[in-house]
Each structure stands twice: as C-alpha cells, then as structure tokens.
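File shown here: query05.txt, holding compact mmCIF, C-alpha atoms and all ligand atoms.
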# COMPACT_ATOMS: atom_id res chain seq x y z
CA MET A 1 -37.03 3.26 -21.30
CA THR A 2 -36.05 4.66 -24.65
CA GLY A 3 -38.37 2.58 -26.78
CA LEU A 4 -35.55 1.97 -29.26
CA THR A 5 -34.80 -1.59 -30.28
CA PHE A 6 -31.36 -2.44 -31.61
CA THR A 7 -31.17 -4.27 -34.92
CA VAL A 8 -28.26 -6.70 -34.70
CA GLU A 9 -26.41 -7.43 -37.95
CA PRO A 10 -23.59 -9.84 -37.02
CA ASN A 11 -20.33 -9.41 -38.92
CA ALA A 12 -20.38 -11.92 -41.79
CA GLN A 13 -16.57 -12.05 -41.81
CA PRO A 14 -15.41 -11.82 -38.20
CA VAL A 15 -11.73 -12.18 -37.36
CA SER A 16 -10.95 -15.86 -36.78
CA ALA A 17 -10.42 -17.02 -33.20
CA GLN A 18 -6.82 -17.81 -34.08
CA ASP A 19 -6.06 -14.38 -35.56
CA ARG A 20 -7.82 -12.74 -32.63
CA ALA A 21 -5.65 -14.66 -30.16
CA THR A 22 -2.54 -13.38 -31.97
CA LEU A 23 -3.84 -9.79 -31.91
CA LEU A 24 -4.62 -10.04 -28.19
CA GLU A 25 -1.11 -11.16 -27.26
CA ASN A 26 0.19 -7.61 -27.28
CA PRO A 27 -2.67 -5.27 -28.19
CA GLY A 28 -1.09 -1.99 -27.04
CA PHE A 29 -3.59 0.86 -26.90
CA GLY A 30 -6.21 1.85 -29.47
CA LYS A 31 -5.04 -0.14 -32.47
CA VAL A 32 -6.77 -3.51 -32.20
CA PHE A 33 -10.49 -3.17 -32.92
CA THR A 34 -13.34 -5.63 -32.52
CA ASP A 35 -15.73 -7.02 -35.15
CA HIS A 36 -18.69 -4.73 -34.44
CA MET A 37 -19.83 -1.19 -33.75
CA VAL A 38 -23.00 0.54 -32.62
CA VAL A 39 -24.65 3.24 -34.72
CA ILE A 40 -27.67 5.36 -33.73
CA ARG A 41 -28.93 8.30 -35.76
CA TYR A 42 -30.45 11.54 -34.58
CA THR A 43 -32.59 13.83 -36.66
CA GLU A 44 -34.10 17.00 -35.29
CA GLY A 45 -37.85 16.56 -35.00
CA THR A 46 -37.62 12.75 -35.01
CA GLY A 47 -35.11 12.23 -32.22
CA TRP A 48 -32.96 9.10 -31.93
CA HIS A 49 -33.70 6.35 -34.44
CA ASP A 50 -32.23 3.39 -36.35
CA ALA A 51 -30.21 1.87 -33.51
CA LYS A 52 -28.04 -0.96 -34.72
CA VAL A 53 -25.13 -3.20 -33.93
CA THR A 54 -23.33 -3.89 -37.17
CA ALA A 55 -19.99 -5.00 -38.66
CA ARG A 56 -17.29 -2.47 -37.82
CA GLY A 57 -16.23 -0.55 -40.90
CA PRO A 58 -15.88 2.82 -42.62
CA ILE A 59 -18.78 5.25 -42.55
CA SER A 60 -19.88 7.45 -45.38
CA LEU A 61 -20.09 11.20 -44.73
CA ASP A 62 -20.88 14.14 -46.95
CA PRO A 63 -17.76 16.34 -47.28
CA SER A 64 -19.78 19.23 -45.85
CA ALA A 65 -20.67 17.28 -42.70
CA ALA A 66 -20.56 19.90 -39.96
CA VAL A 67 -18.13 17.95 -37.76
CA LEU A 68 -15.42 18.20 -40.43
CA HIS A 69 -15.62 22.00 -40.39
CA TYR A 70 -16.77 23.11 -36.95
CA ALA A 71 -15.72 20.16 -34.79
CA GLN A 72 -19.04 19.50 -33.10
CA GLU A 73 -17.94 16.21 -31.53
CA ILE A 74 -17.82 14.62 -28.09
CA PHE A 75 -16.72 11.25 -26.76
CA GLU A 76 -16.37 9.00 -23.75
CA GLY A 77 -13.82 6.43 -22.68
CA MET A 78 -14.60 3.44 -20.49
CA LYS A 79 -13.45 -0.14 -20.01
CA ALA A 80 -15.14 -3.53 -19.87
CA TYR A 81 -13.22 -5.91 -17.63
CA LYS A 82 -13.21 -9.61 -16.95
CA LEU A 83 -13.90 -10.17 -13.27
CA ALA A 84 -12.05 -12.76 -11.21
CA ASP A 85 -15.13 -15.02 -11.45
CA GLY A 86 -15.21 -14.79 -15.26
CA ALA A 87 -18.14 -12.36 -15.52
CA THR A 88 -17.85 -9.16 -17.59
CA ALA A 89 -18.28 -5.78 -15.92
CA LEU A 90 -18.17 -2.04 -16.47
CA PHE A 91 -16.88 0.54 -13.99
CA ARG A 92 -19.38 3.33 -13.20
CA PRO A 93 -20.87 3.51 -16.72
CA GLN A 94 -23.76 5.64 -15.41
CA ALA A 95 -21.18 8.34 -14.66
CA ASN A 96 -19.96 8.17 -18.27
CA ALA A 97 -23.56 8.46 -19.50
CA ARG A 98 -24.12 11.56 -17.36
CA ARG A 99 -20.84 13.15 -18.41
CA PHE A 100 -21.61 12.43 -22.07
CA ASN A 101 -24.78 14.48 -21.72
CA ALA A 102 -22.96 17.26 -19.90
CA SER A 103 -20.48 17.40 -22.80
CA ALA A 104 -23.38 17.32 -25.30
CA ASP A 105 -24.98 20.23 -23.50
CA ARG A 106 -21.82 22.34 -23.72
CA MET A 107 -21.42 21.59 -27.44
CA ALA A 108 -25.11 22.36 -28.21
CA MET A 109 -25.77 18.73 -29.13
CA PRO A 110 -28.83 16.62 -28.29
CA GLN A 111 -29.08 14.62 -25.08
CA LEU A 112 -28.78 10.85 -25.39
CA PRO A 113 -31.03 9.12 -22.83
CA GLU A 114 -28.74 7.51 -20.22
CA GLU A 115 -30.48 4.17 -20.63
CA LEU A 116 -29.79 4.25 -24.38
CA PHE A 117 -26.12 5.01 -23.74
CA LEU A 118 -25.89 2.08 -21.31
CA GLU A 119 -27.78 -0.27 -23.61
CA SER A 120 -25.51 0.63 -26.56
CA VAL A 121 -22.45 -0.28 -24.53
CA ARG A 122 -24.06 -3.48 -23.21
CA GLN A 123 -24.92 -4.55 -26.74
CA LEU A 124 -21.40 -4.04 -28.05
CA VAL A 125 -19.73 -5.78 -25.11
CA ALA A 126 -22.15 -8.69 -25.41
CA ILE A 127 -21.34 -9.32 -29.07
CA ASP A 128 -17.57 -8.66 -28.79
CA LYS A 129 -16.76 -9.98 -25.30
CA ASP A 130 -14.26 -12.50 -26.69
CA TRP A 131 -12.07 -9.49 -27.51
CA ILE A 132 -11.34 -8.80 -23.82
CA PRO A 133 -7.67 -9.82 -23.35
CA ALA A 134 -7.12 -12.33 -20.56
CA ALA A 135 -3.77 -10.82 -19.53
CA GLU A 136 -3.36 -8.68 -16.40
CA GLY A 137 -4.27 -5.06 -17.13
CA GLY A 138 -6.16 -6.11 -20.27
CA ALA A 139 -9.61 -4.72 -21.02
CA LEU A 140 -11.99 -3.79 -23.77
CA TYR A 141 -11.71 -0.02 -24.16
CA LEU A 142 -15.09 1.38 -25.23
CA ARG A 143 -15.30 4.60 -27.15
CA PRO A 144 -18.81 6.05 -27.39
CA PHE A 145 -18.86 9.24 -29.48
CA MET A 146 -21.27 11.61 -31.20
CA PHE A 147 -20.74 14.09 -34.01
CA ALA A 148 -22.61 16.50 -36.28
CA SER A 149 -23.28 14.60 -39.52
CA GLU A 150 -25.54 17.15 -41.19
CA ALA A 151 -24.40 18.33 -44.64
CA PHE A 152 -24.46 22.08 -44.05
CA LEU A 153 -21.81 24.79 -43.88
CA GLY A 154 -23.89 27.37 -42.04
CA VAL A 155 -22.70 28.09 -38.52
CA ARG A 156 -25.29 26.80 -36.05
CA PRO A 157 -25.82 23.59 -34.07
CA ALA A 158 -26.42 20.78 -36.56
CA HIS A 159 -29.80 19.11 -37.04
CA GLU A 160 -28.39 15.62 -37.61
CA TYR A 161 -25.97 13.56 -35.54
CA LEU A 162 -24.45 10.11 -35.45
CA TYR A 163 -23.82 8.37 -32.15
CA MET A 164 -21.46 5.42 -32.35
CA VAL A 165 -19.61 3.03 -30.08
CA ILE A 166 -16.44 1.24 -31.12
CA ALA A 167 -14.32 -1.06 -28.97
CA SER A 168 -10.60 -1.69 -28.80
CA SER A 169 -8.75 -4.48 -27.01
CA VAL A 170 -6.08 -2.91 -24.85
CA GLY A 171 -3.17 -3.93 -22.65
CA ALA A 172 -1.57 -1.61 -20.12
CA TYR A 173 -1.70 1.99 -21.45
CA PHE A 174 1.87 3.02 -20.83
CA LYS A 175 4.37 0.51 -22.16
CA GLY A 176 6.35 -0.86 -19.25
CA GLY A 177 3.49 -0.97 -16.73
CA ALA A 178 3.58 1.18 -13.60
CA LYS A 179 6.88 2.81 -14.51
CA ALA A 180 6.99 6.51 -13.58
CA VAL A 181 6.42 8.94 -16.45
CA SER A 182 8.08 12.27 -17.14
CA ILE A 183 6.02 15.41 -17.55
CA TRP A 184 6.67 18.55 -19.56
CA VAL A 185 4.93 21.61 -18.13
CA SER A 186 3.74 23.74 -21.02
CA GLU A 187 4.12 27.46 -20.50
CA ASP A 188 3.55 28.32 -24.17
CA TYR A 189 0.17 26.67 -24.65
CA THR A 190 -2.95 26.28 -22.53
CA ARG A 191 -5.66 23.64 -22.83
CA ALA A 192 -8.78 25.36 -21.53
CA ALA A 193 -9.85 28.86 -20.58
CA PRO A 194 -12.62 30.07 -18.26
CA GLY A 195 -15.90 29.84 -20.15
CA GLY A 196 -14.35 27.45 -22.68
CA THR A 197 -14.79 23.72 -23.22
CA GLY A 198 -12.27 22.34 -20.72
CA ALA A 199 -14.88 20.40 -18.75
CA ALA A 200 -16.39 18.82 -21.88
CA LYS A 201 -14.90 15.66 -23.33
CA CYS A 202 -14.65 16.94 -26.88
CA GLY A 203 -12.21 16.25 -29.67
CA GLY A 204 -11.45 19.96 -30.00
CA ASN A 205 -9.71 20.02 -26.61
CA TYR A 206 -7.42 17.25 -27.80
CA ALA A 207 -6.74 18.97 -31.13
CA ALA A 208 -5.62 22.05 -29.23
CA SER A 209 -3.39 20.03 -26.91
CA LEU A 210 -1.44 18.12 -29.55
CA ILE A 211 1.17 20.79 -30.24
CA ALA A 212 2.02 20.88 -26.54
CA GLN A 213 2.17 17.07 -26.41
CA LYS A 214 4.48 17.18 -29.44
CA GLN A 215 6.67 19.68 -27.62
CA ALA A 216 6.73 17.38 -24.58
CA ILE A 217 8.01 14.52 -26.74
CA GLU A 218 10.67 16.82 -28.24
CA LYS A 219 11.78 17.65 -24.71
CA GLY A 220 12.13 13.94 -23.98
CA CYS A 221 8.97 13.71 -21.85
CA ASP A 222 6.06 11.26 -21.95
CA GLN A 223 3.20 13.66 -21.26
CA VAL A 224 2.35 17.34 -21.06
CA ALA A 225 0.84 19.18 -18.06
CA PHE A 226 -1.14 22.36 -18.57
CA LEU A 227 -1.35 25.46 -16.40
CA ASP A 228 -4.48 27.59 -16.06
CA ALA A 229 -5.03 30.00 -18.94
CA ALA A 230 -5.82 33.09 -16.87
CA GLU A 231 -2.73 33.32 -14.65
CA LYS A 232 -0.49 30.55 -16.04
CA LYS A 233 0.21 29.74 -12.42
CA TRP A 234 -1.99 26.85 -11.31
CA ILE A 235 -1.51 23.25 -12.36
CA GLU A 236 -4.60 21.93 -14.09
CA GLU A 237 -4.16 18.49 -15.66
CA LEU A 238 -2.47 16.48 -18.37
CA GLY A 239 -3.82 16.28 -21.92
CA GLY A 240 -6.03 13.34 -20.94
CA MET A 241 -5.50 12.64 -17.24
CA ASN A 242 -6.11 14.33 -13.90
CA LEU A 243 -3.34 14.89 -11.35
CA PHE A 244 -2.97 14.15 -7.63
CA PHE A 245 -0.27 15.39 -5.28
CA VAL A 246 0.77 13.47 -2.15
CA PHE A 247 2.52 15.23 0.72
CA ALA A 248 4.94 14.02 3.37
CA ASP A 249 2.37 14.82 6.08
CA GLY A 250 0.05 12.19 4.54
CA THR A 251 -2.39 14.62 2.92
CA MET A 252 -3.36 14.68 -0.75
CA LYS A 253 -4.46 17.40 -3.12
CA THR A 254 -6.03 17.58 -6.58
CA PRO A 255 -6.98 20.68 -8.57
CA PRO A 256 -10.64 21.71 -8.14
CA LEU A 257 -13.29 21.41 -10.87
CA THR A 258 -13.62 25.04 -11.82
CA GLY A 259 -14.85 24.42 -15.36
CA THR A 260 -11.47 24.21 -17.07
CA ILE A 261 -10.64 20.69 -15.87
CA LEU A 262 -12.22 17.48 -17.11
CA PRO A 263 -14.15 15.87 -14.24
CA GLY A 264 -12.51 12.44 -14.35
CA ILE A 265 -14.40 9.44 -13.06
CA THR A 266 -11.10 7.94 -11.93
CA ARG A 267 -10.35 11.21 -10.12
CA ASP A 268 -13.68 10.98 -8.34
CA ALA A 269 -13.11 7.32 -7.41
CA ILE A 270 -9.67 8.12 -5.98
CA LEU A 271 -11.04 11.00 -3.90
CA THR A 272 -13.56 8.55 -2.44
CA LEU A 273 -11.08 5.69 -1.90
CA ALA A 274 -8.53 7.99 -0.29
CA ARG A 275 -11.16 9.27 2.15
CA ASP A 276 -12.26 5.67 2.83
CA GLN A 277 -8.67 4.96 3.80
CA GLY A 278 -8.67 7.88 6.23
CA LEU A 279 -6.49 10.18 4.13
CA THR A 280 -7.14 13.92 4.12
CA VAL A 281 -7.70 14.97 0.53
CA SER A 282 -8.52 18.44 -0.65
CA GLU A 283 -9.68 19.78 -3.98
CA ALA A 284 -7.60 22.93 -3.97
CA PRO A 285 -5.47 24.93 -6.38
CA TYR A 286 -1.76 24.08 -6.39
CA SER A 287 0.72 26.30 -8.14
CA PHE A 288 3.55 25.17 -10.38
CA ALA A 289 5.96 27.19 -8.17
CA ASP A 290 4.77 25.31 -5.06
CA TRP A 291 5.01 21.98 -6.83
CA ARG A 292 8.68 22.63 -7.61
CA ARG A 293 9.45 24.07 -4.16
CA ASP A 294 7.67 21.23 -2.30
CA ALA A 295 9.31 18.53 -4.41
CA GLU A 296 12.72 20.06 -3.73
CA SER A 297 12.11 20.47 0.01
CA GLY A 298 10.64 16.99 0.39
CA ALA A 299 7.23 18.32 1.53
CA LEU A 300 5.77 16.71 -1.61
CA VAL A 301 6.60 13.03 -1.94
CA GLU A 302 4.47 11.75 -4.82
CA THR A 303 2.49 12.89 -7.84
CA PHE A 304 0.31 10.65 -9.94
CA ALA A 305 -1.90 10.96 -12.98
CA CYS A 306 -5.18 9.11 -13.33
CA GLY A 307 -7.73 8.27 -15.98
CA THR A 308 -9.60 5.31 -17.44
CA ALA A 309 -6.97 4.45 -20.04
CA ALA A 310 -3.88 4.43 -17.80
CA VAL A 311 -5.67 3.98 -14.41
CA VAL A 312 -3.06 5.38 -11.96
CA THR A 313 0.36 6.36 -13.25
CA PRO A 314 3.24 7.75 -11.16
CA VAL A 315 4.98 10.95 -12.24
CA GLY A 316 8.74 10.68 -11.72
CA THR A 317 10.23 13.80 -13.21
CA VAL A 318 8.98 17.23 -14.19
CA ARG A 319 10.63 19.33 -16.84
CA SER A 320 9.97 22.93 -17.89
CA ALA A 321 11.71 25.87 -19.47
CA GLY A 322 12.79 26.81 -15.93
CA GLY A 323 14.54 23.49 -15.25
CA ASP A 324 13.84 19.94 -14.07
CA PHE A 325 12.88 18.47 -10.74
CA THR A 326 12.34 14.95 -9.46
CA ILE A 327 9.33 13.76 -7.48
CA GLY A 328 10.27 11.67 -4.43
CA THR A 329 12.59 8.88 -5.52
CA GLY A 330 11.67 9.34 -9.19
CA GLY A 331 9.87 6.01 -9.12
CA PRO A 332 6.37 4.85 -8.07
CA GLY A 333 5.53 5.93 -4.51
CA GLN A 334 3.62 4.06 -1.82
CA THR A 335 0.36 6.00 -1.94
CA THR A 336 0.30 5.86 -5.73
CA GLN A 337 0.70 2.08 -5.61
CA ARG A 338 -1.89 1.78 -2.85
CA MET A 339 -4.43 3.76 -4.89
CA HIS A 340 -3.67 1.73 -8.00
CA THR A 341 -4.11 -1.53 -6.12
CA ALA A 342 -7.31 -0.42 -4.34
CA LEU A 343 -8.93 0.79 -7.54
CA THR A 344 -7.99 -2.13 -9.78
CA ALA A 345 -9.04 -4.63 -7.09
CA ILE A 346 -12.56 -3.17 -7.11
CA GLN A 347 -12.61 -3.02 -10.91
CA ARG A 348 -11.54 -6.68 -11.15
CA GLY A 349 -13.94 -7.85 -8.46
CA THR A 350 -11.26 -9.00 -6.00
CA ALA A 351 -12.16 -6.36 -3.38
CA PRO A 352 -15.62 -5.45 -1.99
CA ASP A 353 -17.47 -2.89 -4.09
CA ALA A 354 -18.69 -0.70 -1.21
CA HIS A 355 -19.83 2.14 -3.48
CA ASP A 356 -21.69 0.04 -6.03
CA TRP A 357 -19.34 1.06 -8.83
CA VAL A 358 -19.15 -2.22 -10.72
CA LEU A 359 -21.95 -3.02 -13.14
CA ARG A 360 -22.00 -6.69 -14.01
CA LEU A 361 -23.22 -7.38 -17.51
C1 LIG A 401 -11.09 11.56 -20.10
C2 LIG A 401 -10.20 12.58 -19.49
C3 LIG A 401 -9.70 12.45 -18.18
C4 LIG A 401 -9.93 11.24 -17.32
O1 LIG A 401 -11.27 10.93 -17.08
P1 LIG A 401 -11.68 9.47 -16.60
O2 LIG A 401 -13.15 9.54 -16.47
O3 LIG A 401 -11.01 9.24 -15.31
O4 LIG A 401 -11.21 8.53 -17.66
C5 LIG A 401 -8.93 13.48 -17.67
N1 LIG A 401 -8.65 14.58 -18.41
C6 LIG A 401 -9.08 14.72 -19.68
C7 LIG A 401 -8.72 15.94 -20.44
C8 LIG A 401 -9.87 13.73 -20.25
O5 LIG A 401 -10.30 13.87 -21.52

Can you dump the structure from the file as structure tokens?
Amino acid sequence: MTGLTFTVEPNAQPVSAQDRATLLENPGFGKVFTDHMVVIRYTEGTGWHDAKVTARGPISLDPSAAVLHYAQEIFEGMKAYKLADGATALFRPQANARRFNASADRMAMPQLPEELFLESVRQLVAIDKDWIPAAEGGALYLRPFMFASEAFLGVRPAHEYLYMVIASSVGAYFKGGAKAVSIWVSEDYTRAAPGGTGAAKCGGNYAASLIAQKQAIEKGCDQVAFLDAAEKKWIEELGGMNLFFVFADGTMKTPPLTGTILPGITRDAILTLARDQGLTVSEAPYSFADWRRDAESGALVETFACGTAAVVTPVGTVRSAGGDFTIGTGGPGQTTQRMHTALTAIQRGTAPDAHDWVLRL
C-alpha cells in the first residue's frame, strides 16, 4: 500500500446530464473531457503527497518549470469500458503502471508505486463513469501523465513533479470505423535511435514525429511509418501504433522490441491471442524493401496497426518517395478483422478472459 489517501473535491459546477448526453453523441477523440482530474505531487525528500481528485481545470506553473524547457514528461493511454453486463472495466492497467515506471526510469523521473497509479485511475473512473459513451466503440480514454514542475533552469533531473490523470470520452479513433488507412513511409525523418527514448512513452518522441506526420498528411496519407534510424531499412512502427504483417502462408510478424519501439500493450495482447488461435507469429525485423516486394508478389496479404486508441486498424495502401503499393485488396483483411473481434470481445466482456486481462472496477 502507498499510505496516500485521496482527498475528493467534487466539481461544484459539473456539466449537466443533458449537455453531457449531447457531447457523448459524437465525441471524436481527445476533445470531450470529464468533470474531474487527479493530481498528486512529488517533492524530492518527501516523496508523493497531496493526492486529490478535483474539478478539471487549468493548472498554474512557473514559467521556468523544467518541463517547458527540457521536456521531462511521460504519459500513458488506457481505456475504461462498459462491459456487456453494465460493469466498468480496465484492460491490463497493471501493464500500463509498469510501463509508466519504465518510462519514468528512462527520463530520470521518480517511480510511482503501481498501486498508486491504479488507485488514481480507479478514483477518476469512479467519479466520472457517466462519461463513458454507450455507443459501440465508445470508451473513457484515460491519460495519466507526469512532468517536471520544478522552477529551475539548470540542466539536471528535476526535484519536483506533478502526476495527473485526465479522462476523455471517445468514440472510434479513426473516423469511419474499421476502414483501411493509408501510410506514408518517412525516409527523411526517424522517430527513435539506438540508446534514445523510443521505448519510453514520452511527449518528446511525439514532438519529434509531428513533422513526419505533417508530411504524411501533405502526401494524402492518414499516418506515418518510421524506419530504423541506423540503417533506414527496417520498419519500426507508426507515430503512436505498432505494426503487424500477415502472410499468405498464415504466419504473422511484428518488429522486435530492440529499444527503439514502444512496447505496446495491444501488441502484446495480439501476440498472445494469435498464438492462442494457433497462428505462428514471430517478433522479427522486416525491411521496407521486403514489405513492398511481398505485397506486390502476394506473399504478404495484410498489414495492421494496433494501439489502445485505435485498437486494430487495417493498412490499405503504402506510399513513399519510391512509389505506392497496395496491401491485399486495399481493404480490411480477414486476420485483421479476426484480431479486432477477438480483442474487443475480451475487452467488452463478451468472450472469456483466459489471461486475466480485464480488471473490473
Ligand atoms: C502508446 C504507443 C503505442 C501503443 O501502445 P498500446 O499500449 O498498445 O496503446 C505504440 N507506439 C507508440 C509510439 C506509442 O506511444
């Protein structure tokens, strides 16, 4: 146990039930926020203190707060779902708690006890559970994050941090549901280098990826895929999702966790589910040249991206400076759909939870 008790300060002016219902009709992603947030402070020497659930609102920071200058910041992304029986649940939140600490370690930030992470999320879901949209694919997206709040411009790990959790009501991530997305393969920019922060879920990785994402949009694509920084040969992942490749011989492949790829919890769940279903899956490097060649020869039949926000999303077309190619039929493939169905059924409590992934709240 952490010994910390949360002070709960309910929002004195919550959104009315009627306005909330209107907001939840078409929430999109990351723009409808709930009435509350969690805040916990960290001070070197004292540790974690002043845990509270309070009205969501702006925070006050000194302009010299270290995060604004040196980007010492990490985050997590997870979803609270309504189960078929009406209960509320989280999917593998212990894995998020562990990964949060792995990210903290890489960014020279303090560890947050796993139980405190879980309790913070439980508290926020409990007070804002009416913000979970009832519609198919709807969820409460939880965003735990931590940043250096100390007012100090010297370059060293900060001595003060804020940990917060906010929540956003979300519909399906990509507008248009399970429609296949188009991918731009960036050969100008890389996301993560050996020894860098690629395996940490930190804001800095996203900051560095935005120019490539912008380029993808300019090229008419939905998302950007990055190659490895050392050889610019191997496919790594998208800006915020891992990739899987499905072959005509029934095998599957995903790039290995070498330190430059974010270890996705969805990725891990799909590896497990695929093996449960008797598929042969390997974590092995796959080159951009092979991806193109195999798609053109028909040896590769599907590619999908996966992550908490978008779950499982088919990749239909791939574009690069060297030309375009289509994956399979250009639409969602069978294995992609099967994985999406298997995963969401467990998350929603309509299929047996053989791996104990669902935490009922
Ligand atoms: C969060 C994230 C993922 C997906 O991780 P999940 O745990 O499956 O949500 C993949 N890649 C990057 C870069 C990420 O930040």

Counting only C-alpha atoms and all ligand atoms, what are the residues of chain A within 6 Å of ligand LIG 401 (chain A), and for each of them which pair of atoms is the nearest and at what distance in Å, to one decimal? Sort the table by chain and rising number, as a tab-separated table.
residue	atom	partner	partner_atom	distance
A:Lys201	CA	A:LIG401	O5	5.3
A:Gly239	CA	A:LIG401	C7	5.1
A:Gly240	CA	A:LIG401	C6	3.6
A:Met241	CA	A:LIG401	C5	3.6
A:Asn242	CA	A:LIG401	C5	4.8
A:Leu262	CA	A:LIG401	N1	4.8
A:Gly264	CA	A:LIG401	O1	3.4
A:Ile265	CA	A:LIG401	O2	3.6
A:Thr266	CA	A:LIG401	O3	3.6
A:Arg267	CA	A:LIG401	O3	5.6
A:Gly307	CA	A:LIG401	O3	3.5
A:Thr308	CA	A:LIG401	O4	3.6

Inset, instruction - Write out as a PyMOL selection string each polymer residue whose atoms come within 12 Å of A:Gly47, counting only C-alpha atoms; drop sequence neighbours fewer than 4 positions from it. - result: chain A and resi 2-4+40-43+51+109-113+159-163

Inset, instruction - State, in Å with one decimal place, the distance from atom CA of A:Tyr286 to atom CA of A:Glu236. - result: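 It comes out at 8.5 Å.
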
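Atom CA of A:Val185 lies 5.2 Å from atom CA of A:Ser320.
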
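Atom CA of A:Ala269 is found 9.7 Å from atom CA of A:Met339.
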
Inset, instruction - Find the residues around stretch 231-234 of chain A up to 9 Å (only C-alpha atoms counted), leave out those fewer than 2 positions away in its own chain, and share them as a PyMOL selection string. - result: chain A and resi 187+190+226-229+236+255+285-289

Legend entry - Counting only C-alpha atoms, the residue of A:His69, A:Arg92, A:Arg122, A:Arg360 that sits nearest A:Phe147: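 Among A:His69, A:Arg92, A:Arg122, A:Arg360, it is A:His69 that comes nearest to A:Phe147.
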
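Ranking A:Thr336, A:Ser169, A:Ser186, A:Thr197 by their shortest atom-to-atom distance to A:Phe247, with all atoms listed in the file included, puts A:Thr336 first.
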
Select all residues near (-14.6, 14.5, -23.8) (cut-off 12 Å, inclusive, file coordinates), counting only C-alpha atoms, and output them as a compact mmCIF listing (two decimals) with C-alpha atoms, keeping the file's coordinate frame.
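For reference, part-v7.txt as written:
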# COMPACT_ATOMS: atom_id res chain seq x y z
CA GLN A 72 -19.04 19.50 -33.10
CA GLU A 73 -17.94 16.21 -31.53
CA ILE A 74 -17.82 14.62 -28.09
CA PHE A 75 -16.72 11.25 -26.76
CA GLU A 76 -16.37 9.00 -23.75
CA GLY A 77 -13.82 6.43 -22.68
CA MET A 78 -14.60 3.44 -20.49
CA ASN A 96 -19.96 8.17 -18.27
CA ALA A 97 -23.56 8.46 -19.50
CA ARG A 98 -24.12 11.56 -17.36
CA ARG A 99 -20.84 13.15 -18.41
CA PHE A 100 -21.61 12.43 -22.07
CA ASN A 101 -24.78 14.48 -21.72
CA ALA A 102 -22.96 17.26 -19.90
CA SER A 103 -20.48 17.40 -22.80
CA ALA A 104 -23.38 17.32 -25.30
CA ASP A 105 -24.98 20.23 -23.50
CA ARG A 106 -21.82 22.34 -23.72
CA MET A 107 -21.42 21.59 -27.44
CA ARG A 143 -15.30 4.60 -27.15
CA PRO A 144 -18.81 6.05 -27.39
CA PHE A 145 -18.86 9.24 -29.48
CA MET A 146 -21.27 11.61 -31.20
CA PHE A 147 -20.74 14.09 -34.01
CA THR A 197 -14.79 23.72 -23.22
CA GLY A 198 -12.27 22.34 -20.72
CA ALA A 199 -14.88 20.40 -18.75
CA ALA A 200 -16.39 18.82 -21.88
CA LYS A 201 -14.90 15.66 -23.33
CA CYS A 202 -14.65 16.94 -26.88
CA GLY A 203 -12.21 16.25 -29.67
CA GLY A 204 -11.45 19.96 -30.00
CA ASN A 205 -9.71 20.02 -26.61
CA TYR A 206 -7.42 17.25 -27.80
CA ALA A 207 -6.74 18.97 -31.13
CA GLY A 239 -3.82 16.28 -21.92
CA GLY A 240 -6.03 13.34 -20.94
CA MET A 241 -5.50 12.64 -17.24
CA ILE A 261 -10.64 20.69 -15.87
CA LEU A 262 -12.22 17.48 -17.11
CA PRO A 263 -14.15 15.87 -14.24
CA GLY A 264 -12.51 12.44 -14.35
CA ILE A 265 -14.40 9.44 -13.06

Legend entry - Residue with smallest distance to A:Glu44 - pool A:Glu283, A:Glu150, A:Asp276, A:Asp222, counting only C-alpha atoms: A:Glu150

Inset, instruction - Return the single residue from A:Asp130, A:Glu9, A:Glu296, A:Glu119 that is closest to A:Leu23, with distances computed using only C-alpha atoms. - result: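 Distance minimum relative to A:Leu23 lands on A:Asp130.
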
Legend entry - Among listed residues A:His355, A:Arg293, A:His49, A:Lys79, nearest A:Ile166 (using all atoms listed in the file):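 Smallest separation from A:Ile166 among the options: A:Lys79.
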
Legend entry - Of the listed residues A:Trp184, A:Gly322, A:His36, A:Ala295, that which approaches A:Glu218 most closely, counting all atoms listed in the file: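 With all atoms listed in the file as the atom set, the closest residue is A:Trp184.
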
Would you give the centre and edge lengths, in Å to one decimal, of a box along x, y and z around the listed atoms of stretch 120-125 of chain A, with 6 Å added to each side, as lines of an AutoDock Vina configuration file?
center_x = -22.6
center_y = -2.6
center_z = -25.6
size_x = 17.8
size_y = 18.4
size_z = 16.8

Inset, instruction - Determine, counting all atoms listed in the file, every residue of protein, DNA or RNA that lies within 9 Å of (-7.6, 16.6, -2.3) in the file coordinates, then give the result as a ChimeraX atom specification. - result: /A:244-246,251-256,271,274,280-284

Legend entry - Residues within 8 Å of A:Leu153, all atoms listed in the file, excluding chain neighbours under 4 positions, as a list in words: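 Neighbouring residues, sequence-local ones excluded: Ser64, Ala65, Ala66 and His69 of chain A.
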